[in-house]
$ cat input.txt   # compact mmCIF, C-alpha atoms and all ligand atoms
# COMPACT_ATOMS: atom_id res chain seq x y z
CA MET A 1 103.86 -31.39 134.21
CA PHE A 2 105.94 -34.53 134.29
CA GLU A 3 107.02 -34.65 137.92
CA HIS A 4 104.24 -37.03 138.96
CA ILE A 5 105.29 -39.69 136.44
CA GLN A 6 106.54 -42.95 137.91
CA ALA A 7 109.01 -45.23 136.19
CA ALA A 8 107.49 -48.07 134.18
CA PRO A 9 108.48 -51.58 135.24
CA ALA A 10 111.24 -53.08 133.07
CA ASP A 11 109.99 -55.34 130.30
CA PRO A 12 110.61 -58.92 131.55
CA ILE A 13 112.48 -59.88 128.38
CA LEU A 14 114.02 -56.67 127.06
CA GLY A 15 114.99 -55.60 130.60
CA LEU A 16 116.86 -58.88 130.97
CA ASN A 17 118.62 -58.24 127.69
CA ASP A 18 119.81 -54.84 128.95
CA ALA A 19 121.10 -56.46 132.13
CA TYR A 20 123.01 -59.00 130.04
CA LYS A 21 124.60 -56.25 127.96
CA ASN A 22 125.76 -54.47 131.14
CA ASP A 23 127.27 -57.63 132.65
CA THR A 24 131.08 -57.51 132.45
CA ASN A 25 131.60 -61.26 133.00
CA PRO A 26 133.34 -62.50 129.80
CA ASN A 27 131.69 -65.92 130.22
CA LYS A 28 128.13 -64.57 130.35
CA ILE A 29 125.46 -66.51 128.43
CA ASN A 30 122.25 -65.00 127.07
CA LEU A 31 119.32 -67.42 126.80
CA GLY A 32 116.76 -64.68 127.34
CA VAL A 33 115.66 -62.78 124.28
CA GLY A 34 114.35 -64.74 121.28
CA VAL A 35 117.03 -63.88 118.77
CA TYR A 36 118.68 -66.56 116.65
CA LYS A 37 122.40 -67.08 117.23
CA ASP A 38 124.78 -69.08 115.04
CA GLU A 39 127.56 -71.36 116.34
CA GLN A 40 129.74 -68.29 116.91
CA GLY A 41 127.04 -66.60 118.95
CA ASN A 42 126.32 -64.03 116.24
CA THR A 43 123.00 -63.03 114.68
CA PRO A 44 124.10 -63.00 111.04
CA ILE A 45 122.49 -61.32 108.06
CA LEU A 46 121.25 -64.10 105.77
CA LYS A 47 122.99 -64.40 102.40
CA ALA A 48 119.63 -64.21 100.63
CA VAL A 49 118.97 -60.91 102.43
CA LYS A 50 122.38 -59.46 101.45
CA GLN A 51 121.87 -60.45 97.83
CA ALA A 52 118.38 -58.97 97.78
CA GLU A 53 119.76 -55.75 99.27
CA GLU A 54 122.42 -55.55 96.56
CA ARG A 55 119.73 -55.81 93.93
CA LEU A 56 117.59 -53.21 95.68
CA LEU A 57 120.47 -50.78 95.88
CA VAL A 58 120.64 -50.81 92.10
CA LYS A 59 116.90 -50.96 91.44
CA GLU A 60 115.45 -48.59 93.99
CA LYS A 61 114.36 -45.32 92.42
CA THR A 62 112.58 -43.40 95.15
CA LYS A 63 112.17 -43.03 98.87
CA SER A 64 108.71 -41.58 98.50
CA TYR A 65 105.99 -42.87 100.86
CA LEU A 66 104.50 -46.31 100.48
CA SER A 67 100.72 -46.54 100.61
CA MET A 68 99.14 -47.28 103.99
CA GLU A 69 98.99 -51.01 103.25
CA GLY A 70 102.51 -51.32 101.82
CA ALA A 71 103.92 -52.51 98.49
CA PRO A 72 101.77 -54.79 96.27
CA ALA A 73 104.65 -57.21 95.54
CA TYR A 74 105.12 -57.75 99.26
CA ARG A 75 101.44 -58.10 100.06
CA THR A 76 100.82 -60.83 97.50
CA ALA A 77 104.05 -62.66 98.40
CA VAL A 78 102.99 -62.78 102.07
CA GLN A 79 99.65 -64.33 101.14
CA LYS A 80 101.31 -67.03 99.05
CA LEU A 81 103.58 -67.89 101.95
CA LEU A 82 100.64 -68.06 104.35
CA PHE A 83 98.12 -70.00 102.28
CA GLY A 84 100.10 -71.65 99.44
CA SER A 85 100.18 -70.13 95.93
CA ASP A 86 96.95 -71.47 94.50
CA HIS A 87 94.76 -71.44 97.60
CA ASN A 88 91.18 -70.37 96.92
CA ILE A 89 91.58 -67.54 99.42
CA ILE A 90 94.04 -66.01 96.96
CA THR A 91 92.20 -66.85 93.73
CA LYS A 92 88.91 -65.57 95.19
CA GLN A 93 90.58 -62.55 96.85
CA LEU A 94 89.12 -63.36 100.24
CA ALA A 95 92.11 -61.90 102.08
CA GLN A 96 93.71 -58.48 102.29
CA THR A 97 97.18 -57.96 103.71
CA ALA A 98 98.85 -54.86 105.10
CA HIS A 99 102.58 -54.55 105.72
CA THR A 100 103.06 -53.59 109.37
CA PRO A 101 106.16 -52.68 111.39
CA GLY A 102 106.97 -56.19 112.65
CA GLY A 103 104.64 -58.74 114.16
CA THR A 104 104.12 -56.41 117.10
CA GLY A 105 102.82 -53.73 114.73
CA ALA A 106 100.44 -56.28 113.22
CA LEU A 107 99.12 -57.23 116.66
CA ARG A 108 98.66 -53.60 117.61
CA VAL A 109 96.75 -52.77 114.43
CA ALA A 110 94.67 -55.92 114.93
CA ALA A 111 93.97 -54.87 118.52
CA GLU A 112 92.70 -51.45 117.46
CA PHE A 113 90.64 -52.94 114.67
CA ILE A 114 89.03 -55.42 117.09
CA LYS A 115 88.38 -52.78 119.73
CA LYS A 116 86.72 -50.50 117.20
CA HIS A 117 84.66 -53.02 115.25
CA LEU A 118 84.02 -55.79 117.80
CA PRO A 119 83.85 -53.58 120.90
CA GLU A 120 82.17 -56.22 123.05
CA ALA A 121 84.76 -58.88 122.29
CA THR A 122 87.13 -60.30 124.87
CA ILE A 123 90.40 -61.59 123.45
CA TRP A 124 91.64 -64.88 124.81
CA VAL A 125 95.31 -65.84 124.95
CA SER A 126 96.95 -69.10 125.99
CA ASN A 127 98.26 -69.61 129.50
CA PRO A 128 101.16 -68.91 129.24
CA THR A 129 101.74 -66.71 126.22
CA TRP A 130 104.23 -64.19 124.82
CA ALA A 131 104.79 -61.58 127.52
CA ASN A 132 103.75 -58.70 125.27
CA HIS A 133 100.35 -60.04 124.18
CA GLN A 134 98.43 -58.93 127.20
CA SER A 135 99.99 -55.45 127.19
CA VAL A 136 99.32 -54.86 123.49
CA PHE A 137 95.65 -55.80 123.79
CA GLN A 138 95.10 -54.00 127.08
CA SER A 139 96.69 -50.85 125.69
CA VAL A 140 93.66 -50.37 123.42
CA GLY A 141 91.21 -51.20 126.23
CA LEU A 142 90.41 -54.77 125.23
CA GLU A 143 89.47 -57.30 127.89
CA VAL A 144 92.04 -60.10 127.89
CA GLY A 145 91.22 -63.57 129.17
CA SER A 146 93.36 -66.69 129.21
CA TYR A 147 92.64 -70.26 128.18
CA ALA A 148 94.29 -73.44 129.47
CA TYR A 149 97.19 -74.64 127.33
CA TYR A 150 100.26 -75.97 129.05
CA ASP A 151 100.56 -78.98 131.34
CA ALA A 152 103.49 -77.95 133.53
CA LYS A 153 103.70 -81.36 135.19
CA ASN A 154 104.05 -83.33 131.98
CA LYS A 155 105.70 -80.51 130.00
CA SER A 156 103.20 -80.94 127.21
CA LEU A 157 99.96 -79.63 125.75
CA ASP A 158 96.99 -80.08 128.08
CA PHE A 159 94.64 -80.73 125.19
CA GLU A 160 91.64 -81.78 127.27
CA ALA A 161 91.87 -78.61 129.35
CA LEU A 162 92.39 -76.55 126.19
CA LEU A 163 89.23 -77.95 124.61
CA ALA A 164 87.31 -77.44 127.83
CA SER A 165 88.47 -73.82 128.06
CA LEU A 166 87.67 -72.97 124.47
CA SER A 167 84.23 -74.59 124.80
CA GLN A 168 83.37 -71.79 127.24
CA ILE A 169 84.27 -68.99 124.84
CA PRO A 170 81.19 -67.38 123.32
CA GLU A 171 80.43 -66.39 119.78
CA GLY A 172 81.94 -63.05 118.85
CA ASP A 173 85.00 -63.24 121.11
CA VAL A 174 88.51 -63.50 119.68
CA VAL A 175 90.97 -66.32 120.38
CA LEU A 176 94.67 -65.90 119.74
CA PHE A 177 96.59 -69.00 118.60
CA HIS A 178 100.32 -69.25 118.04
CA GLY A 179 100.61 -70.51 114.44
CA CYS A 180 103.60 -72.69 115.34
CA CYS A 181 106.56 -72.76 117.74
CA HIS A 182 104.52 -71.57 120.71
CA ASN A 183 106.27 -68.83 122.67
CA PRO A 184 107.19 -69.49 125.48
CA THR A 185 106.60 -73.25 125.75
CA GLY A 186 107.71 -74.72 122.40
CA VAL A 187 104.59 -76.95 122.58
CA ASP A 188 102.24 -76.97 119.57
CA PRO A 189 99.04 -78.89 118.73
CA THR A 190 99.41 -81.87 116.38
CA PRO A 191 97.65 -81.75 112.95
CA GLU A 192 94.80 -83.82 114.38
CA GLN A 193 94.50 -81.46 117.34
CA TRP A 194 94.46 -78.44 115.01
CA TYR A 195 91.58 -80.12 113.20
CA GLN A 196 89.65 -80.52 116.43
CA LEU A 197 90.36 -76.93 117.43
CA ALA A 198 89.16 -75.70 114.04
CA LYS A 199 85.93 -77.68 114.38
CA LEU A 200 85.41 -76.28 117.86
CA CYS A 201 86.05 -72.73 116.61
CA SER A 202 83.44 -73.23 113.91
CA LYS A 203 80.94 -74.60 116.44
CA GLN A 204 81.52 -71.88 119.02
CA GLY A 205 81.71 -69.02 116.53
CA PHE A 206 84.72 -67.19 117.93
CA LEU A 207 87.16 -65.35 115.66
CA PRO A 208 90.66 -66.87 115.40
CA LEU A 209 93.65 -64.54 115.45
CA PHE A 210 96.82 -66.36 114.44
CA ASP A 211 100.10 -64.94 115.68
CA PHE A 212 102.59 -66.34 113.19
CA ALA A 213 106.11 -65.30 114.16
CA TYR A 214 108.11 -68.47 113.48
CA GLN A 215 107.03 -69.93 110.13
CA GLY A 216 109.81 -72.30 109.05
CA PHE A 217 111.35 -72.77 112.51
CA GLY A 218 109.22 -75.81 113.38
CA GLN A 219 109.06 -78.43 110.59
CA ASN A 220 109.17 -76.41 107.34
CA LEU A 221 107.35 -73.49 105.75
CA THR A 222 104.35 -75.56 104.64
CA ASP A 223 103.83 -77.78 107.67
CA ASP A 224 104.19 -74.83 110.01
CA ALA A 225 101.22 -73.17 108.29
CA GLN A 226 99.08 -76.29 108.72
CA GLY A 227 97.27 -75.01 111.79
CA LEU A 228 95.91 -71.88 110.19
CA ARG A 229 95.28 -73.62 106.87
CA THR A 230 93.24 -76.30 108.67
CA PHE A 231 91.22 -73.60 110.39
CA LEU A 232 90.46 -71.99 107.04
CA GLU A 233 88.80 -75.22 105.90
CA HIS A 234 86.27 -74.79 108.70
CA VAL A 235 85.90 -71.08 109.42
CA PRO A 236 85.34 -68.22 106.98
CA GLU A 237 87.06 -65.41 108.89
CA MET A 238 90.45 -64.94 110.47
CA LEU A 239 93.08 -62.40 111.39
CA ILE A 240 96.77 -63.26 110.96
CA ALA A 241 99.68 -61.33 112.43
CA SER A 242 102.88 -62.35 110.61
CA SER A 243 106.41 -61.51 111.68
CA PHE A 244 109.47 -61.89 109.46
CA SER A 245 111.89 -60.82 112.16
CA LYS A 246 113.07 -64.35 112.88
CA ASN A 247 112.68 -66.34 109.68
CA PHE A 248 114.41 -63.67 107.56
CA GLY A 249 116.63 -62.43 110.42
CA LEU A 250 115.21 -58.94 109.76
CA TYR A 251 114.70 -58.01 113.41
CA ASN A 252 115.57 -54.33 113.14
CA GLU A 253 113.89 -53.69 109.80
CA ARG A 254 110.44 -54.14 111.38
CA VAL A 255 108.75 -56.25 108.79
CA GLY A 256 105.50 -58.02 109.46
CA ALA A 257 101.97 -58.14 108.12
CA LEU A 258 98.34 -58.13 109.18
CA THR A 259 96.07 -60.26 107.01
CA ILE A 260 92.32 -60.26 107.26
CA VAL A 261 90.36 -63.17 105.76
CA CYS A 262 86.64 -62.64 105.12
CA ASP A 263 83.74 -64.64 103.79
CA THR A 264 83.58 -62.70 100.52
CA ALA A 265 85.96 -60.54 98.49
CA GLU A 266 83.65 -57.59 98.96
CA GLN A 267 83.69 -57.93 102.75
CA ALA A 268 87.47 -58.24 102.71
CA GLU A 269 87.78 -55.06 100.70
CA THR A 270 85.40 -53.16 102.97
CA ALA A 271 86.92 -54.38 106.24
CA PHE A 272 90.37 -53.58 104.91
CA THR A 273 89.47 -49.90 104.53
CA GLN A 274 89.05 -49.90 108.32
CA VAL A 275 92.37 -51.69 108.84
CA LYS A 276 93.97 -48.93 106.77
CA ARG A 277 92.29 -46.32 108.95
CA CYS A 278 93.93 -47.85 112.04
CA ILE A 279 97.26 -47.69 110.22
CA ARG A 280 96.73 -44.09 109.15
CA THR A 281 96.23 -42.94 112.73
CA ASN A 282 99.19 -44.95 114.03
CA TYR A 283 102.17 -44.61 111.70
CA SER A 284 100.47 -43.66 108.42
CA ASN A 285 102.49 -46.04 106.26
CA PRO A 286 105.15 -48.69 106.85
CA PRO A 287 108.94 -48.46 106.45
CA SER A 288 109.92 -49.78 103.04
CA HIS A 289 113.28 -51.49 103.20
CA GLY A 290 112.48 -54.71 105.07
CA SER A 291 109.42 -55.48 103.00
CA ALA A 292 111.33 -54.79 99.78
CA ILE A 293 113.90 -57.40 100.86
CA VAL A 294 111.21 -59.96 101.68
CA ALA A 295 109.38 -59.34 98.40
CA GLU A 296 112.61 -59.58 96.41
CA ILE A 297 113.38 -62.96 98.00
CA LEU A 298 109.89 -64.45 97.87
CA ASN A 299 109.34 -63.39 94.25
CA ASP A 300 112.62 -64.75 92.88
CA ALA A 301 113.15 -68.53 92.54
CA ASP A 302 116.92 -68.47 93.23
CA LEU A 303 116.74 -66.18 96.21
CA TYR A 304 113.77 -68.13 97.56
CA ALA A 305 115.73 -71.40 97.36
CA LEU A 306 118.73 -69.81 99.07
CA TRP A 307 116.53 -68.36 101.83
CA GLU A 308 114.73 -71.66 102.35
CA SER A 309 118.03 -73.50 102.74
CA GLU A 310 119.36 -70.89 105.18
CA LEU A 311 116.14 -71.12 107.17
CA LYS A 312 116.51 -74.88 107.21
CA ASP A 313 120.07 -74.53 108.54
CA MET A 314 118.81 -72.35 111.40
CA ARG A 315 116.05 -74.84 112.16
CA ILE A 316 118.41 -77.81 112.11
CA ARG A 317 120.96 -76.07 114.32
CA ILE A 318 118.25 -75.38 116.92
CA HIS A 319 117.04 -79.01 116.78
CA GLU A 320 120.64 -80.21 117.25
CA MET A 321 121.16 -77.89 120.20
CA ARG A 322 118.02 -79.26 121.82
CA SER A 323 119.35 -82.83 121.65
CA LEU A 324 122.83 -81.82 122.73
CA PHE A 325 121.43 -79.89 125.69
CA VAL A 326 119.40 -82.90 126.85
CA ASN A 327 122.33 -85.30 126.37
CA THR A 328 124.88 -83.02 128.02
CA LEU A 329 122.70 -82.52 131.08
CA ARG A 330 122.29 -86.29 131.31
CA ALA A 331 126.04 -86.79 130.94
CA LYS A 332 126.61 -84.37 133.83
CA GLY A 333 124.58 -86.66 136.04
CA VAL A 334 121.45 -84.49 136.20
CA SER A 335 118.70 -86.85 137.26
CA GLN A 336 115.78 -84.56 136.40
CA ASP A 337 114.31 -85.54 133.02
CA PHE A 338 114.85 -82.83 130.39
CA SER A 339 114.07 -85.04 127.39
CA PHE A 340 110.91 -83.01 126.64
CA ILE A 341 113.18 -80.24 125.33
CA SER A 342 114.13 -82.31 122.29
CA GLN A 343 110.46 -82.93 121.50
CA GLN A 344 109.55 -79.24 121.41
CA GLN A 345 110.03 -76.87 118.52
CA GLY A 346 110.95 -73.33 117.71
CA MET A 347 113.18 -70.95 119.58
CA PHE A 348 111.90 -71.63 123.09
CA SER A 349 111.33 -74.21 125.76
CA PHE A 350 109.99 -73.98 129.24
CA SER A 351 112.88 -75.52 131.17
CA GLY A 352 110.99 -76.10 134.40
CA LEU A 353 113.71 -74.16 136.26
CA THR A 354 112.17 -72.23 139.15
CA PRO A 355 112.45 -68.44 139.58
CA ASP A 356 114.97 -69.06 142.39
CA GLN A 357 117.09 -71.30 140.18
CA VAL A 358 116.92 -68.74 137.35
CA ALA A 359 118.05 -66.03 139.78
CA GLN A 360 120.91 -68.18 141.02
CA LEU A 361 122.11 -68.91 137.49
CA ARG A 362 122.21 -65.19 136.83
CA LYS A 363 123.88 -64.23 140.10
CA ASP A 364 126.50 -66.97 140.25
CA TYR A 365 127.15 -67.72 136.58
CA SER A 366 125.96 -64.71 134.52
CA ILE A 367 123.51 -67.01 132.73
CA TYR A 368 120.45 -65.03 131.66
CA ILE A 369 117.11 -66.86 131.44
CA VAL A 370 113.60 -65.33 131.64
CA GLY A 371 112.12 -65.62 135.15
CA SER A 372 109.45 -68.04 133.97
CA GLY A 373 112.21 -70.54 133.15
CA ARG A 374 111.84 -69.99 129.40
CA ILE A 375 115.07 -70.78 127.59
CA SER A 376 115.84 -69.34 124.18
CA VAL A 377 117.26 -72.55 122.71
CA ALA A 378 118.53 -70.53 119.74
CA GLY A 379 121.15 -69.04 122.07
CA LEU A 380 122.79 -72.43 122.76
CA THR A 381 126.08 -73.21 121.01
CA HIS A 382 128.73 -75.95 121.24
CA ASP A 383 130.88 -73.41 123.10
CA ASN A 384 128.43 -72.41 125.82
CA MET A 385 126.89 -75.89 126.26
CA GLU A 386 129.49 -77.21 128.73
CA PRO A 387 129.58 -74.22 131.10
CA LEU A 388 125.79 -73.93 130.92
CA CYS A 389 125.17 -77.58 131.74
CA ASN A 390 127.82 -77.55 134.46
CA ALA A 391 126.06 -74.60 136.07
CA ILE A 392 122.61 -76.20 135.82
CA ALA A 393 123.95 -79.48 137.23
CA GLU A 394 125.50 -77.54 140.09
CA ILE A 395 122.36 -75.61 141.05
CA LEU A 396 120.12 -78.65 140.75
CA LYS A 397 122.34 -80.43 143.30
CA ASP A 398 121.55 -77.82 145.99
N1 LIG A 401 104.53 -62.75 118.48
C1 LIG A 401 105.33 -63.65 119.06
C2 LIG A 401 104.75 -64.93 119.56
C3 LIG A 401 106.69 -63.38 119.20
O1 LIG A 401 107.48 -64.27 119.81
C4 LIG A 401 107.21 -62.16 118.71
C5 LIG A 401 108.63 -61.82 118.83
O2 LIG A 401 109.37 -62.33 119.59
C6 LIG A 401 106.33 -61.27 118.11
C7 LIG A 401 104.99 -61.60 118.00
C8 LIG A 401 106.78 -59.93 117.62
O3 LIG A 401 107.50 -59.96 116.46
P1 LIG A 401 108.30 -58.69 115.93
O4 LIG A 401 109.65 -58.75 116.56
O5 LIG A 401 108.33 -58.90 114.45
O6 LIG A 401 107.55 -57.48 116.32
O1 LIG A 402 112.10 -62.98 123.23
C1 LIG A 402 110.95 -62.63 122.98
O2 LIG A 402 109.97 -63.30 123.25
C2 LIG A 402 110.64 -61.28 122.32
C3 LIG A 402 111.72 -60.74 121.48
O3 LIG A 402 110.84 -55.49 119.70
C4 LIG A 402 111.45 -59.35 121.01
O4 LIG A 402 110.12 -60.42 123.25
C5 LIG A 402 112.39 -58.36 121.25
C6 LIG A 402 112.19 -57.07 120.82
C7 LIG A 402 111.04 -56.77 120.13
C8 LIG A 402 110.11 -57.73 119.86
C9 LIG A 402 110.33 -59.02 120.31
$ encode --input "input.txt" --output "structure tokens"
Amino acid sequence: MFEHIQAAPADPILGLNDAYKNDTNPNKINLGVGVYKDEQGNTPILKAVKQAEERLLVKEKTKSYLSMEGAPAYRTAVQKLLFGSDHNIITKQLAQTAHTPGGTGALRVAAEFIKKHLPEATIWVSNPTWANHQSVFQSVGLEVGSYAYYDAKNKSLDFEALLASLSQIPEGDVVLFHGCCHNPTGVDPTPEQWYQLAKLCSKQGFLPLFDFAYQGFGQNLTDDAQGLRTFLEHVPEMLIASSFSKNFGLYNERVGALTIVCDTAEQAETAFTQVKRCIRTNYSNPPSHGSAIVAEILNDADLYALWESELKDMRIRIHEMRSLFVNTLRAKGVSQDFSFISQQQGMFSFSGLTPDQVAQLRKDYSIYIVGSGRISVAGLTHDNMEPLCNAIAEILKD
């Protein structure tokens, strides 16, 4: 029965991570997968998370199933984080949120929901986008198109081309935006540009789907939500896929959320019954622990303050590494301009390194970077900066 099955191609990012793990070079450097590393190169458990877990250990009374949509304390906390506590979407109950296994789970449930209820819709993603987007949407049979986004020459947003692309997208299609910290480029619209995109969305009548995996890694929790909050001033409906893998460091707990915003509370309630149906036929109900941690932190003033300060520390360390990377390359005599890296935000930047240069870094120096040239800036440390920049200076000389 199975003999005809051919091996699937390795995932471009996770496959690279496996190769890194198998590399015996003690000086190997991993700038592939988007996982935050501290100065020691570890991915620590946040103090706020540990403290929340201690409380949960005492408080938790059952391991019985959660409901399909997850725990109420989590669902309301997620909405407050997305919209701000007293937003009219919350007071008027225009949104419904389901806890999903990670941001990927949220995207997958969204994909099924779209395929079932907007069967004619094409979903549009930025060029480039997170490597998994296309696969997730195609796996439910959705048509996936791409819109212009990145100006590779100037290492910036090609806003004119973006507007031109989106102006072609018809009413009823779905457009995916990265809420902040665009993966893989690190290039986001400015507040004014978000405003223009929101106006265009309203004019064209397409449905925005915000993929929000890095809230707090750009400027701060509030400013990073500005894009989707601006949209909500102009459009009545939206889907939001949240991930708390990065900003709570809860990668392996699989904690994310799918939020649906509708024009009326009644519509939100009705549409949500269909979201729950997609969940029921996928995994029935979400795993509890990660969402219990997030709810415990978001609903407690002390833990919230501790988490916010730890998130700020991660953000600041990444910003510092960006500047140090640019300055160290310059100090090594690299003439190519890398200054754009310190202007970008989030975990990633498109370095502009070619596939050949990426391959050479891996072969000669055990430095792991995604083939597109995307660097996970969160993997840079004071310790690996010198060898990394020496290697880049060396290969750019060739
Ligand atoms: N969306 C984007 C843009 C991401 O970068 C990621 C993770 O890297 C995800 C979604 C998936 O998040 P999770 O790991 O919570 O499934
Ligand atoms: O580095 C990235 O862009 C992601 C990271 O289950 C990732 O692909 C890794 C594992 C996973 C989801 C996301």
$ atom_distance --input "input.txt" --atom1 "CA of Tyr251 (chain A)" --atom2 "CA of Ile367 (chain A)"
23.1 Å
$ residues_near_ligand --input "input.txt" --ligand "ligand LIG 401 (chain A)" --cutoff "8 Å" --atoms "only C-alpha atoms and all ligand atoms" --output "PyMOL selection string"
chain A and resi 33-35+101-107+129-130+132-133+178+182-184+211-214+241-246+251+254-256
$ closest_residue --input "input.txt" --among "A:Gln204, A:Thr62, A:Gln193, A:Gln267" --to "Gln226 (chain A)" --atoms "all atoms listed in the file"
A:Gln193
$ atom_distance --input "input.txt" --atom1 "CA of Val78 (chain A)" --atom2 "CA of Ala265 (chain A)"
17.5 Å
$ axis_aligned_box --input "input.txt" --around "region 256-274 of chain A" --padding-each-side "8 Å" --output "JSON"
{"center_x": 94.5, "center_y": -57.3, "center_z": 104.0, "size_x": 37.9, "size_y": 30.7, "size_z": 27.0}
$ closest_residue --input "input.txt" --among "A:Leu250, A:Ile89, A:Leu16, A:Leu207" --to "Ile369 (chain A)" --atoms "only C-alpha atoms"
A:Leu16
$ atom_distance --input "input.txt" --atom1 "CA of Ala7 (chain A)" --atom2 "CA of Leu361 (chain A)"
27.1 Å
$ residues_around --input "input.txt" --residues "Ile13 (chain A)" --least-positions-apart "5" --cutoff "8 Å" --atoms "only C-alpha atoms" --output "JSON, numbers by chain"
{"A": [32, 33, 131, 370]}
$ residues_around --input "input.txt" --residues "Phe348 (chain A)" --least-positions-apart "4" --cutoff "10 Å" --atoms "only C-alpha atoms" --output "count of residues only"
21
$ residues_around --input "input.txt" --residues "Pro72 (chain A)" --least-positions-apart "4" --cutoff "12 Å" --atoms "only C-alpha atoms" --output "list of chain:residue names"
A:Leu66, A:Ser67, A:Met68, A:Thr76, A:Ala77, A:Val78, A:Gln79, A:Gln96, A:Thr97, A:Ala98, A:His99, A:Ser288, A:Ser291, A:Ala292, A:Ala295, A:Glu296, A:Asn299
$ residues_around --input "input.txt" --residues "Leu380 (chain A)" --least-positions-apart "5" --cutoff "9 Å" --atoms "all atoms listed in the file" --output "list in words"
Ile29, Asn30, Leu31, Lys37, Asp38, Glu39, Gly41, Ile318, Met321, Arg322, Phe325, Met385 and Leu388 of chain A
$ residues_near_point --input "input.txt" --point "(89.7, -66.9, 117.2)" --cutoff "9 Å" --atoms "only C-alpha atoms" --output "ChimeraX atom specification"
/A:123-124,172-177,201,205-210,237-239
$ build_atoms --input "input.txt" --residues "region 7-19 of chain A" --atoms "N, CA and C atoms" --output "PDB file, in the frame of the given file"
ATOM      1  N   ALA A   7     108.304 -44.384 137.171  1.00  0.00           N
ATOM      2  CA  ALA A   7     109.010 -45.230 136.190  1.00  0.00           C
ATOM      3  C   ALA A   7     108.176 -46.469 135.866  1.00  0.00           C
ATOM      4  N   ALA A   8     108.178 -46.844 134.592  1.00  0.00           N
ATOM      5  CA  ALA A   8     107.490 -48.070 134.180  1.00  0.00           C
ATOM      6  C   ALA A   8     108.337 -49.270 134.605  1.00  0.00           C
ATOM      7  N   PRO A   9     107.686 -50.392 134.915  1.00  0.00           N
ATOM      8  CA  PRO A   9     108.480 -51.580 135.240  1.00  0.00           C
ATOM      9  C   PRO A   9     109.258 -52.026 133.994  1.00  0.00           C
ATOM     10  N   ALA A  10     110.443 -52.603 134.216  1.00  0.00           N
ATOM     11  CA  ALA A  10     111.240 -53.080 133.070  1.00  0.00           C
ATOM     12  C   ALA A  10     110.484 -54.199 132.372  1.00  0.00           C
ATOM     13  N   ASP A  11     110.586 -54.239 131.059  1.00  0.00           N
ATOM     14  CA  ASP A  11     109.990 -55.340 130.300  1.00  0.00           C
ATOM     15  C   ASP A  11     110.719 -56.626 130.718  1.00  0.00           C
ATOM     16  N   PRO A  12     109.948 -57.708 131.000  1.00  0.00           N
ATOM     17  CA  PRO A  12     110.610 -58.920 131.550  1.00  0.00           C
ATOM     18  C   PRO A  12     111.682 -59.482 130.608  1.00  0.00           C
ATOM     19  N   ILE A  13     111.512 -59.293 129.311  1.00  0.00           N
ATOM     20  CA  ILE A  13     112.480 -59.880 128.380  1.00  0.00           C
ATOM     21  C   ILE A  13     113.526 -58.853 127.949  1.00  0.00           C
ATOM     22  N   LEU A  14     113.062 -57.679 127.540  1.00  0.00           N
ATOM     23  CA  LEU A  14     114.020 -56.670 127.060  1.00  0.00           C
ATOM     24  C   LEU A  14     114.856 -56.110 128.210  1.00  0.00           C
ATOM     25  N   GLY A  15     114.251 -56.042 129.419  1.00  0.00           N
ATOM     26  CA  GLY A  15     114.990 -55.600 130.600  1.00  0.00           C
ATOM     27  C   GLY A  15     116.132 -56.572 130.906  1.00  0.00           C
ATOM     28  N   LEU A  16     115.845 -57.853 130.733  1.00  0.00           N
ATOM     29  CA  LEU A  16     116.860 -58.880 130.970  1.00  0.00           C
ATOM     30  C   LEU A  16     118.002 -58.747 129.958  1.00  0.00           C
ATOM     31  N   ASN A  17     117.633 -58.413 128.747  1.00  0.00           N
ATOM     32  CA  ASN A  17     118.620 -58.240 127.690  1.00  0.00           C
ATOM     33  C   ASN A  17     119.559 -57.068 128.005  1.00  0.00           C
ATOM     34  N   ASP A  18     118.983 -55.999 128.553  1.00  0.00           N
ATOM     35  CA  ASP A  18     119.810 -54.840 128.950  1.00  0.00           C
ATOM     36  C   ASP A  18     120.763 -55.246 130.062  1.00  0.00           C
ATOM     37  N   ALA A  19     120.254 -56.020 131.021  1.00  0.00           N
ATOM     38  CA  ALA A  19     121.100 -56.460 132.130  1.00  0.00           C
ATOM     39  C   ALA A  19     122.251 -57.316 131.613  1.00  0.00           C
TER      40      ALA A  19
END
